[in-house]
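Below you'll find the structure, written out as structure tokens, and then a few comments.
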Number of protein chains: 4
Amino acid sequence: MIKVGIVGGTGYTGVELLRLLAQHPEVEVDAITSRSEAGVRVCDMYPNLRGHYDTLAFSEPDADRLGDCDAVFFATPHGVAHALAGDLLERGTRVIDLSADFRLRDAAEWAEWYGQPHGAPELLAEAVYGLPEVNRDKIRQARLIAVPGCYPTAVQLGLLPLLESSLIDAGHIIADCKSGVTGAGRGAKVPSLMAEASESMKAYGASGHRHLPEIRQGLSDAAGRPVGLTFVPHLTPMIRGIHATLYGRLTGEPGDLQTLFEARFVDEPFIDVMPVGSHPETRSVKGANLCRIAVHRPSNDDTVVVLAVIDNLVKGASGQAIQNLNLMFGLDENAGLTAPALMP
Amino acid sequence: MIKVGIVGGTGYTGVELLRLLAQHPEVEVDAITSRSEAGVRVCDMYPNLRGHYDTLAFSEPDADRLGDCDAVFFATPHGVAHALAGDLLERGTRVIDLSADFRLRDAAEWAEWYGQPHGAPELLAEAVYGLPEVNRDKIRQARLIAVPGCYPTAVQLGLLPLLESSLIDAGHIIADCKSGVTGAGRGAKVPSLMAEASESMKAYGASGHRHLPEIRQGLSDAAGRPVGLTFVPHLTPMIRGIHATLYGRLTGEPGDLQTLFEARFVDEPFIDVMPVGSHPETRSVKGANLCRIAVHRPSNDDTVVVLAVIDNLVKGASGQAIQNLNLMFGLDENAGLTAPALMP
Amino acid sequence: MIKVGIVGGTGYTGVELLRLLAQHPEVEVDAITSRSEAGVRVCDMYPNLRGHYDTLAFSEPDADRLGDCDAVFFATPHGVAHALAGDLLERGTRVIDLSADFRLRDAAEWAEWYGQPHGAPELLAEAVYGLPEVNRDKIRQARLIAVPGCYPTAVQLGLLPLLESSLIDAGHIIADCKSGVTGAGRGAKVPSLMAEASESMKAYGASGHRHLPEIRQGLSDAAGRPVGLTFVPHLTPMIRGIHATLYGRLTGEPGDLQTLFEARFVDEPFIDVMPVGSHPETRSVKGANLCRIAVHRPSNDDTVVVLAVIDNLVKGASGQAIQNLNLMFGLDENAGLTAPALMP
Amino acid sequence: MIKVGIVGGTGYTGVELLRLLAQHPEVEVDAITSRSEAGVRVCDMYPNLRGHYDTLAFSEPDADRLGDCDAVFFATPHGVAHALAGDLLERGTRVIDLSADFRLRDAAEWAEWYGQPHGAPELLAEAVYGLPEVNRDKIRQARLIAVPGCYPTAVQLGLLPLLESSLIDAGHIIADCKSGVTGAGRGAKVPSLMAEASESMKAYGASGHRHLPEIRQGLSDAAGRPVGLTFVPHLTPMIRGIHATLYGRLTGEPGDLQTLFEARFVDEPFIDVMPVGSHPETRSVKGANLCRIAVHRPSNDDTVVVLAVIDNLVKGASGQAIQNLNLMFGLDENAGLTAPALMP
């Protein structure tokens, strides 16, 4: 069994790691830390875990204990992994960071968006961006993984085939994204109250969201040139799910787009290119480590529309983190990730 | 008191007319028709109306009775107003049609999208498109009003200032729209069940939706040239509300966009241009005849983003119909339309 | 115009007072106080009020300014009205308290449930419990009103006819109540997050809730003897609404229960006894100052079941407060309270 | 591998069987029938099953094919299992019926509640009521299982300890139950539309619901005498979940109720007696084959309150059906049923 630790396990990505790992045949959770909840059993905080982790309790972060793990997940606010990752790597523990700490290759750009200096620039060179559909081989060799953000996962997966084939104008891409409320985390904030967020839809961060540079970096890699991206996220009255609606302008006659997408993802275990004419629903991936994609070309015109859905907590966070773990440790890539989505 | 009739009052726009008219100081509902529910009291079908319309019952459509009304609203599927409007106009009754029957000026285009011949092409010349922010003076003189669709209302209001000023590339406009489930009507269909539609988000009609030609017609009028539009509607897990996110590419330096929008709508009683940096929520217009708009220019780049929200049943249907009635009969334009939105 | 002030207007009952008073023909809001939000315009906090209160801003509580009002509403946590009500009454300002401060006649019982001494026991003698269906005449003469709680309103209205007629065993009454999430207020607490409270149902306070003594007091008055009550509230995944399901055991043959209920409430403008066999929905009173009631006797057995629904923010709080104001100032009892519920 | 068939797999209990069986290590689904959808792949109807059942398609019911299965689940409206079960049993195929066809032992009572004669009274003697917490040994030997209804499961599990110990007045039990909307099935009915059922709460069937005789039968067995039960179900705005709030009057001093409940269920793999003072949430069992229970005695008075939650589609239907299958075939009782609930 692979022994793992989780740093900062009180948030939604933390409990989702526990939920998924409870079904993983080759992993056991050895430690889970939280300063604020030290001593509390995880199943007292998350009653869905009663019967699964009846003795596991949150503990103070302890480098020795974490260093005994084969791998440690960070499900923390930004900055925490900066402080702890180096020490763990030295102890031979691999690090899978679900926060934004190692997603941007450029420390200066990170500092600009997060309003503080990058805390571990020396590790950037070896950090691998954990999108298996792009970096599978690097992930297999990696010691330090930056798990992609939820929006970046959906947007990149939906646009990769078009950008890699240079079929759309890379300078003017639009990503209109809709996220369920778990995307805002478990913090107690008035706008996240059910009385405020349900029965309503709103955009936010229209003038600039922290996921923008991450998406831009990934899309630019795919395009082989800097892309221009307008990214507008929206808060949607549902618990889980991201629906990315992606618009690109074709630069020429693209050939059959359906074939392009199917070919790009033919061997991907967690990408489902749906049949021509489909409109994927976020509920079709609820709880599952999947991205379902459909591609449309309305009126056979010069605008291509890609619809991509994920569960923000699974393929957009904890499920993808486990997928990375599986690759890093030579396990079956879908170990622990085979349950169908919960629908209805 | 102005006597009105409602044809086809069992759907959501019908009950919304009744709800709003219950507060209208100068209108009384004299007749409401429904073949399927003839004899049923409206308050037995819609218990929120108990105490407001305790005697009003659905009746068989009867041209004489409707012809006695000063105005008749059609809250019907397409085709019905085609069949009845001409007769009512001859009897001197004004017609306010909430269906799509008279929205397109081109009978052939109508026939193409609705799969049947246009039933009253001879009335098209005098039908007025009931968007007061564009056609207020014509509405005042009109006998026959085509009330705009819900998506078309939000999209046009959000784009008018930009197109009238020729500030964006009219050939490549994107309208990413999110609608609550009442937009799908009160028909008993599996995809509209709560067990299917809640906790999920999906696009639909990505390859072509019936509101597309209506929006295109209105935007082309504003632009003074045919526009190119990609319109993707999404079903959103909320009862009411439309959120239109509109993307245009600036063709030059636009000046201050906030000032442009404020100036365009300065005298409009039902348009609220929100402060710089705002993100309007659909709940802020729930039950109210309002469109709230915010304009963004992310990164000061060449893409402008407009956020426009309405209640699809009010400014997107029944409230706008009453606004038209008020104008046609020389009443205060906001008579019966002054209640604040229900929030939370 | 009657000049009113609102103390503590940032919560849901505060904004609901503003929403309803915007439609009141004879009231103007002169002051609204909030220490935390002083200087903020109410329409910046609650965008649904844009266009209705464009200049009104929260101010520091100021006894002189409030004392200039004809009446002051308290929409505050418990304890605040204790501190301020006496001074206002001396200035000739009437006080309508939506908090629990003056609901219990017994200061010692209050102290026990609220964990602090009662702050104004000298005012208890003149405080009138503002349930118009019981105390209408006293309310007309009152200077100080304790507006009933939301659960107590629904439970009392549903049980009054049975207890006043001594038809049920007063010693064993069960009130199983379901409330929307606004009942928990606008405080930022994790259990009120949409990600926690939606798509779930749970009881709370099963061993004792602060509304219990208030309900018991009112029911005991109606019964003319101390009642025994089991009260279990439940958090329900909706924004507004209370559904009270009330169970009593008949002590004899009760006669026609429908007639009993209709007769009890025949002159009540805000009580709707629904037809035999009805199951009232909370949405049928959403936004409206109404209580809809149905009475059932399953299998013609010895248990009677009463179903009573209200909007917790309207008949359960702010609407009822305005109904009290109307009575106190000799206005039409339903002034400002005539809008139908928002449905769908 | 055990080969199973599913008759009538288009409804919510059918797709839930497929979802759960996809994770079952020892079962394969060999046939699934639906007259209306014959020829349609299940994954085209339920996209969450894409990748899990890519070739399985609905077929016309065919006795030979079903008779080749080791077991057949009926996820059908009432009456269907009556018609087909006998033939399957003769072919040696075991039958697990999720419908109501074999739940009542008395064919006349069945006929009364379902408005048609019982179609297979000759099978009643051998049908076993599939509540493992009561009938585990009989289930192990059974050829024909009547899977309990959703409400009956929650109500019986919550009351068993009290009735078996004769601690409450069996003549006056109250079961106030709240169900998510999947309880109403996948039929296209107006009251089940999201626009009608969300943001609202209502009781239904207050004067008599078809689950009443089934619950009464089970409770009477536990009590050893006929019970008197008032059962009021409520439609709750959530997809899944039942919350049963159960009230009984203690007939004497009961001793420690917590200990009673813990002892009763100590060996039960799918019953979770929560700690003293708990209020179980339905979301804590979402997607899981569990019943979580808490017992309260408010004010130490003579009324006991039991809170019991299940997922109506899992422990209330398909999960319990699989639990029965596991017992019938000598498998590990929790095979395929080990996934934690999906929370948040």
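A note on labels: chains of the structure tokens are A, B, ... as shown, every chain counts residues from 1, and ligands are counted from 1 in their shown order.
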**Message:** Taking 4 positions as the minimum chain separation for residues in the same chain, which residues sit within 10 Å of Ala335 (chain B) when counting only C-alpha atoms? Answer as a PyMOL selection string.
**Reply:** chain B and resi 20-21+23-27+322-323+325-327+331
Could you produce a table of the residues of chain B lying within 9 Å of chain C, with the nearest pair of atoms per residue and their separation in Å rounded to one decimal, using only C-alpha atoms, ordered by chain and increasing residue number, as JSON lines?
{"residue": "B:Tyr12", "atom": "CA", "partner": "C:Pro344", "partner_atom": "CA", "distance": 7.3}
{"residue": "B:Val15", "atom": "CA", "partner": "C:Met343", "partner_atom": "CA", "distance": 8.2}
{"residue": "B:Glu16", "atom": "CA", "partner": "C:Met343", "partner_atom": "CA", "distance": 7.9}
{"residue": "B:Arg19", "atom": "CA", "partner": "C:Pro340", "partner_atom": "CA", "distance": 6.2}
{"residue": "B:Leu20", "atom": "CA", "partner": "C:Pro340", "partner_atom": "CA", "distance": 8.4}
{"residue": "B:Ala22", "atom": "CA", "partner": "C:Ala339", "partner_atom": "CA", "distance": 7.5}
{"residue": "B:Gln23", "atom": "CA", "partner": "C:Ala339", "partner_atom": "CA", "distance": 6.5}
{"residue": "B:Tyr46", "atom": "CA", "partner": "C:Met343", "partner_atom": "CA", "distance": 7.9}
{"residue": "B:Pro47", "atom": "CA", "partner": "C:Ser284", "partner_atom": "CA", "distance": 5.8}
{"residue": "B:Asn48", "atom": "CA", "partner": "C:Ser284", "partner_atom": "CA", "distance": 4.5}
{"residue": "B:Leu49", "atom": "CA", "partner": "C:Pro340", "partner_atom": "CA", "distance": 6.2}
{"residue": "B:Arg50", "atom": "CA", "partner": "C:Asp272", "partner_atom": "CA", "distance": 8.2}
{"residue": "B:Gly51", "atom": "CA", "partner": "C:Asp272", "partner_atom": "CA", "distance": 8.3}
{"residue": "B:His52", "atom": "CA", "partner": "C:Pro340", "partner_atom": "CA", "distance": 7.4}
{"residue": "B:Thr182", "atom": "CA", "partner": "C:Pro344", "partner_atom": "CA", "distance": 7.9}
{"residue": "B:Glu199", "atom": "CA", "partner": "C:Glu199", "partner_atom": "CA", "distance": 8.5}
{"residue": "B:Ile239", "atom": "CA", "partner": "C:Pro344", "partner_atom": "CA", "distance": 7.2}
{"residue": "B:Arg240", "atom": "CA", "partner": "C:Pro344", "partner_atom": "CA", "distance": 8.1}
{"residue": "B:Asp272", "atom": "CA", "partner": "C:Arg50", "partner_atom": "CA", "distance": 8.2}
{"residue": "B:Pro280", "atom": "CA", "partner": "C:Pro47", "partner_atom": "CA", "distance": 8.4}
{"residue": "B:Glu281", "atom": "CA", "partner": "C:Pro47", "partner_atom": "CA", "distance": 8.6}
{"residue": "B:Arg283", "atom": "CA", "partner": "C:Asn48", "partner_atom": "CA", "distance": 7.9}
{"residue": "B:Ser284", "atom": "CA", "partner": "C:Asn48", "partner_atom": "CA", "distance": 4.5}
{"residue": "B:Val285", "atom": "CA", "partner": "C:Asn48", "partner_atom": "CA", "distance": 6.4}
{"residue": "B:Lys286", "atom": "CA", "partner": "C:Asn48", "partner_atom": "CA", "distance": 8.4}
{"residue": "B:Gly287", "atom": "CA", "partner": "C:Leu342", "partner_atom": "CA", "distance": 7.0}
{"residue": "B:Ala288", "atom": "CA", "partner": "C:Asn48", "partner_atom": "CA", "distance": 8.8}
{"residue": "B:Thr338", "atom": "CA", "partner": "C:Gln23", "partner_atom": "CA", "distance": 7.8}
{"residue": "B:Ala339", "atom": "CA", "partner": "C:Gln23", "partner_atom": "CA", "distance": 6.5}
{"residue": "B:Pro340", "atom": "CA", "partner": "C:Asn48", "partner_atom": "CA", "distance": 6.1}
{"residue": "B:Ala341", "atom": "CA", "partner": "C:Asn48", "partner_atom": "CA", "distance": 5.2}
{"residue": "B:Leu342", "atom": "CA", "partner": "C:Gly287", "partner_atom": "CA", "distance": 7.0}
{"residue": "B:Met343", "atom": "CA", "partner": "C:Asn48", "partner_atom": "CA", "distance": 6.5}
{"residue": "B:Pro344", "atom": "CA", "partner": "C:Ile239", "partner_atom": "CA", "distance": 7.2}
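Here CA of Glu28 (chain D) stands at a distance of 26.2 Å from CA of Glu268 (chain D).
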**Request:** Write out as an NGL selection string all residues of region 36-277 of chain C that backbone DSSP assigns to strand (DSSP E).
**Result:** :C and (58-59 or 71-74 or 94-97 or 128-129 or 144-146 or 173-179 or 202-203 or 229-235 or 242-249 or 271-273)
**Request:** For CA of Tyr247 (chain D) and CA of Gln156 (chain C), determine how far apart the two atoms are, in Å to one decimal place.
**Result:**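 These atoms are spaced 20.1 Å apart.
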**Item:** Within 7 Å of Pro161 (chain D) using only C-alpha atoms, minus same-chain residues under 3 positions, as a ChimeraX atom specification
**Value:** /D:164-165,260-261,264
**Message:** Could you tell me how far CA of Asp106 (chain D) sits from CA of Val128 (chain D), in Å to one decimal place?
**Reply:** 13.2 Å
**Request:** May I have the residues within 12 Å of Thr259 (chain A) as a list in words, using only C-alpha atoms and disregarding those fewer than 4 positions away in the same chain?
**Result:** Pro161, Leu162, Pro254, Gly255, Ala263, Arg264, Phe265, Val266, Val273, Met274, Pro275, Val276, Ala294 and Val295 of chain A
Include C-alpha atoms and write out the residues we just selected as a JSON list (two decimals), in the first residue's frame.
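The result, written out as again_17.json:
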[["chain", "number", "residue", "atom", "x", "y", "z"],
["A", 161, "PRO", "CA", -7.22, 19.81, -30.39],
["A", 162, "LEU", "CA", -7.94, 23.15, -32.04],
["A", 254, "PRO", "CA", -10.91, 22.83, -40.60],
["A", 255, "GLY", "CA", -11.89, 19.45, -41.94],
["A", 263, "ALA", "CA", -8.42, 11.27, -32.65],
["A", 264, "ARG", "CA", -6.79, 13.59, -30.16],
["A", 265, "PHE", "CA", -8.34, 11.82, -27.18],
["A", 266, "VAL", "CA", -8.68, 8.28, -28.49],
["A", 273, "VAL", "CA", -15.77, 13.00, -26.88],
["A", 274, "MET", "CA", -19.52, 12.82, -27.22],
["A", 275, "PRO", "CA", -21.39, 12.14, -30.47],
["A", 276, "VAL", "CA", -22.02, 14.86, -33.04],
["A", 294, "ALA", "CA", -18.77, 18.15, -27.66],
["A", 295, "VAL", "CA", -17.77, 20.29, -30.61]]
**Long-range neighbours of Gly180 (chain C) as number ranges by chain, 7 Å cut-off, only C-alpha atoms, 5 positions minimum in chain** = C: 235-242
